[in-house]
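Participant: Sending over a structure as structure tokens; questions will come in a sec.
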Amino acid sequence: MKLGLQLGYWGAQPPQGVGELVAAAEDAGFDAIFTAEAWGSDAFTPLAWWGKDTSRIKLGTSIVQMSGRTPTSIAMHLLTLDHLSNGRVILGMGVSGPQVVEGWYGQPFGKPLARTREVVDIIRKVLAREDKVTNDGPHYPLPFHGENSVGLGKPLKPIVHPLRADVPIWLGAEGPKNVAQTAEIADGWIPIFYTPKSAGMYQPWLDEGFARPGARRTRADFEIAATCHLQVVSNAEEKKQVLEFMKPFVSLYMGGMGAAEANFHNQVFVRMGYEDLAKEVQRLYLSGEKDRATALIPEELVDDMHIVGTASEVKEKVAQWEETGVTTLLLSCRTADEIRSVAELLA
């Protein structure tokens with residue numbers, strides 16, 4: 001089991017002390033650090049800034065929103081950072097949701113599976129640099145000859161020769177079709193709300209993708225990078241307090257992260273068997289009753305989603321996650337001491 005440090009995206013202001021966390025993660029043997037983006041800070045710039053003082057640890061995005069850049073622009077970020085880091089980049093991407101894609105980026109959200117396939121294909125063409133990059137797909141045609149085109153576009157190769165033609169591409173995916181496509185075309189999967197209890201639900205979807213003609217990977221060499229909060233506590237009472245603290249984050253994603261008719265995170269909880277709960281939490285959250293929504297979140301759900309317990313309990317739970325196929329745990333650690341203690345416990 002590899003460990004990744006999940007740095008996430010910024011709040012109202014840039015976070016403090018991140019350089020110390022990154023240095024501690026590299027010294028402690030963490031495999032990678034990951035940055036994210038929503039509609040504030042971007043994923044690539046902090047990764048380059050904090051990664052400049054490292055030499056071994058991998059640099060990953062979890063995740064880059066596809067609609068925020070054209071596929072060739074994503075590839076340019078990727079080949080640039082891969083050179084600067086001497087081949088340590090992992091590209092994690094996802095489609096985000098319609099509220100962000102259409103409200104923030106001003107792009108259409110429709111047909112996310114087809115768009116994802118085109119984006120991945122174009123990025124791989126850029127990195128391979130075998131020929132001038134073209135694409136006949138409807139979402140990102142290259143060259144562009146659509147409305148308002150002046151007709152002068154021509155196929156191009158990247159000026160810079162990419163350091164690696166096979167930079168790992170991991171995709172964030174939640175639904176059955178998206179997970180299956182991820183297993184088919186990607187090098188890894190970044191699930192959200194993956195848990196040992198829900199792991200069995202995903203296996204047929206993954207197997208479908210691995211079985212498709214031309215699938216890039218097999219289960220044996222496919223990465224599954226699951227995000228969770230890991231915390232060692234002294235006793236049951238302290239564990240209860242930590243789980244209580246985590247409940248608002250669960251209710252946010254279950255009830256408030258998306259529109260009522262299109263909350264993909266909410267649908268994950270429905271598939272996990274919490275349909276009635278997810279519906280009521282969403283109703284309360286979107287009506288402004290966030291505290292009541294949070295009060296409905298059961299402790300056992302939060303416990304399943306995260307790794308909280310005494311040292312022996314944490315080691316046992318980590319083993320359970322690993323048994324389900326998880327290859328990397330993406331952890332949000334708050335201090336350098338916490339990073340060191342987690343690495344020592346799980347060494």
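Chains: A, B, ... in order of the structure tokens. Residues: from 1 per chain. Ligands: from 1, in order shown.
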Skip Asp221 of chain A itself and residues of its chain fewer than 5 positions away, then list as a ChimeraX atom specification all residues within 10 Å of it, counting only C-alpha atoms.
Facilitator: /A:187-188,216,327
Participant: Report as a PyMOL selection string all protein, DNA and RNA residues lying within 12 Å of Gly97 of chain A, evaluated on only C-alpha atoms, omitting residues in the same chain fewer than 4 positions from it.
Facilitator: chain A and resi 38-39+65-68+101-105+107-112+172-174+257-259+261-265
Participant: Do you know which residues are at most 9 Å from Ile339 of chain A counting only C-alpha atoms, after dropping those on the same chain fewer than 2 positions away, and could you put them as an NGL selection string?
Facilitator: :A and (5 or 21 or 24-25 or 28 or 30 or 333-337 or 341-344)
Participant: Skipping near chain neighbours, those fewer than 2 positions away, what residues fall within 7 Å of segment 45-48 of chain A using only C-alpha atoms, listed as an MDAnalysis selection string?
Facilitator: chainID A and resid 35 42:43 50:52 59 81
Participant: Show me, as JSON, numbers by chain, the residues that have an atom within 8 Å of Asp304 of chain A when counting only C-alpha atoms, minus same-chain residues fewer than 3 positions from it.
Facilitator: {"A": [195, 196, 197, 300, 301, 307]}
Participant: Name the residues of segment 7-199 of chain A that fall into strand (DSSP E or B) according to DSSP on the backbone, using the chain letters and numbers of this document, as a PyMOL selection string.
Facilitator: chain A and resi 7-8+32-35+58-61+64-65+89-94+133+135+142+156+169-172+188-190
Participant: Report as a PyMOL selection string all protein, DNA and RNA residues lying within 8 Å of segment 83-89 of chain A, evaluated on only C-alpha atoms, omitting residues in the same chain fewer than 3 positions from it.
Facilitator: chain A and resi 51-52+55-60+78-80+162-164+167-168
Participant: Please save N, CA, C and O atoms of the selected residues as an mmCIF file, in the first residue's frame.
Facilitator:
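That gives us part.cif:
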data_model
loop_
_atom_site.group_PDB
_atom_site.id
_atom_site.type_symbol
_atom_site.label_atom_id
_atom_site.label_comp_id
_atom_site.auth_asym_id
_atom_site.auth_seq_id
_atom_site.Cartn_x
_atom_site.Cartn_y
_atom_site.Cartn_z
ATOM 1 N N GLY A 51 6.394 21.362 -5.333
ATOM 2 C CA GLY A 51 7.197 20.237 -5.797
ATOM 3 C C GLY A 51 8.623 20.604 -6.148
ATOM 4 O O GLY A 51 9.483 19.725 -6.262
ATOM 5 N N LYS A 52 8.897 21.902 -6.294
ATOM 6 C CA LYS A 52 10.238 22.320 -6.738
ATOM 7 C C LYS A 52 11.309 21.969 -5.723
ATOM 8 O O LYS A 52 12.491 21.839 -6.076
ATOM 9 N N SER A 55 12.632 15.870 -4.672
ATOM 10 C CA SER A 55 13.423 15.185 -5.703
ATOM 11 C C SER A 55 12.914 13.779 -5.992
ATOM 12 O O SER A 55 13.241 13.214 -7.048
ATOM 13 N N ARG A 56 12.139 13.199 -5.089
ATOM 14 C CA ARG A 56 11.721 11.815 -5.255
ATOM 15 C C ARG A 56 10.213 11.645 -5.340
ATOM 16 O O ARG A 56 9.698 10.874 -6.153
ATOM 17 N N ILE A 57 9.497 12.342 -4.508
ATOM 18 C CA ILE A 57 8.067 12.130 -4.373
ATOM 19 C C ILE A 57 7.338 12.493 -5.676
ATOM 20 O O ILE A 57 7.693 13.449 -6.360
ATOM 21 N N LYS A 58 6.333 11.705 -6.025
ATOM 22 C CA LYS A 58 5.579 11.961 -7.254
ATOM 23 C C LYS A 58 4.623 13.132 -7.052
ATOM 24 O O LYS A 58 4.217 13.443 -5.921
ATOM 25 N N LEU A 59 4.247 13.767 -8.165
ATOM 26 C CA LEU A 59 3.416 14.965 -8.133
ATOM 27 C C LEU A 59 2.140 14.689 -8.918
ATOM 28 O O LEU A 59 2.177 14.526 -10.136
ATOM 29 N N GLY A 60 1.013 14.636 -8.217
ATOM 30 C CA GLY A 60 -0.232 14.250 -8.869
ATOM 31 C C GLY A 60 -1.333 15.282 -8.714
ATOM 32 O O GLY A 60 -1.346 16.081 -7.775
ATOM 33 N N LEU A 78 1.187 19.187 -18.624
ATOM 34 C CA LEU A 78 1.712 17.892 -18.221
ATOM 35 C C LEU A 78 3.150 17.693 -18.677
ATOM 36 O O LEU A 78 4.023 17.327 -17.879
ATOM 37 N N LEU A 79 3.420 17.947 -19.960
ATOM 38 C CA LEU A 79 4.783 17.712 -20.454
ATOM 39 C C LEU A 79 5.764 18.704 -19.842
ATOM 40 O O LEU A 79 6.939 18.376 -19.603
ATOM 41 N N THR A 80 5.302 19.923 -19.555
ATOM 42 C CA THR A 80 6.175 20.918 -18.926
ATOM 43 C C THR A 80 6.558 20.491 -17.518
ATOM 44 O O THR A 80 7.742 20.470 -17.148
ATOM 45 N N PRO A 162 8.234 15.541 -25.312
ATOM 46 C CA PRO A 162 7.858 15.105 -23.966
ATOM 47 C C PRO A 162 8.896 14.158 -23.367
ATOM 48 O O PRO A 162 9.514 13.352 -24.087
ATOM 49 N N LEU A 163 9.103 14.280 -22.079
ATOM 50 C CA LEU A 163 10.053 13.395 -21.393
ATOM 51 C C LEU A 163 9.545 11.959 -21.397
ATOM 52 O O LEU A 163 10.312 11.021 -21.607
ATOM 53 N N ARG A 164 8.239 11.776 -21.166
ATOM 54 C CA ARG A 164 7.634 10.436 -21.158
ATOM 55 C C ARG A 164 6.404 10.432 -22.050
ATOM 56 O O ARG A 164 5.576 11.350 -21.987
ATOM 57 N N VAL A 167 2.957 9.097 -19.455
ATOM 58 C CA VAL A 167 2.634 9.688 -18.154
ATOM 59 C C VAL A 167 1.336 9.050 -17.646
ATOM 60 O O VAL A 167 0.350 8.976 -18.385
ATOM 61 N N PRO A 168 1.313 8.561 -16.408
ATOM 62 C CA PRO A 168 0.099 7.909 -15.898
ATOM 63 C C PRO A 168 -1.094 8.854 -15.895
ATOM 64 O O PRO A 168 -0.999 9.999 -15.438
#
Participant: Out of A:Val250, A:Leu284, A:Val133, A:Val150, which residue has the shortest atom-to-atom distance to Ile192 of chain A when counting only C-alpha atoms?
Facilitator: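 Going through A:Val250, A:Leu284, A:Val133, A:Val150 one by one, the smallest distance to Ile192 of chain A is for A:Val250.
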Participant: Counting only C-alpha atoms, which residue out of A:Ala215, A:Ile74, A:Val126, A:Leu230 sits closest to Val242 of chain A?
Facilitator: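 Of the candidates, the smallest distance to Val242 of chain A is held by A:Leu230.
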Participant: For each of A:Glu20, A:Arg69, A:Pro191, A:Asp82, take the minimum atom-to-atom distance to Glu338 of chain A, counting only C-alpha atoms, then give the residue where this is smallest.
Facilitator: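 Of the candidates, the smallest distance to Glu338 of chain A is held by A:Glu20.
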Participant: Identify, with DSSP run on backbone atoms, the residues in segment 24-193 of chain A assigned to alpha helix (DSSP H), and express the list as a ChimeraX atom specification.
Facilitator: /A:24-28,44-51,71-84,98-103,112-128,176-185
Participant: Under the rule that only C-alpha atoms are counted, which of A:Gly137, A:Glu130, A:Leu152, A:Ala183 is the nearest residue to Ala220 of chain A?
Facilitator: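 So, comparing all the options, the nearest one is A:Ala183.
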Participant: Under the rule that only C-alpha atoms are counted, which of A:Phe245, A:Lys317, A:Lys290, A:Gln181 is the nearest residue to Arg212 of chain A?
Facilitator: A:Gln181
Participant: Would you mind reading off the distance between atom CA of Glu184 of chain A and atom CA of Ala211 of chain A, one decimal, in Å?
Facilitator: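 Pair atom CA of Glu184 of chain A / atom CA of Ala211 of chain A returns 7.8 Å.
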Participant: Pick out the closest residue to Asp131 of chain A from this set: A:Glu244, A:Pro155, A:Val318, A:Glu237. Count only C-alpha atoms.
Facilitator: A:Pro155
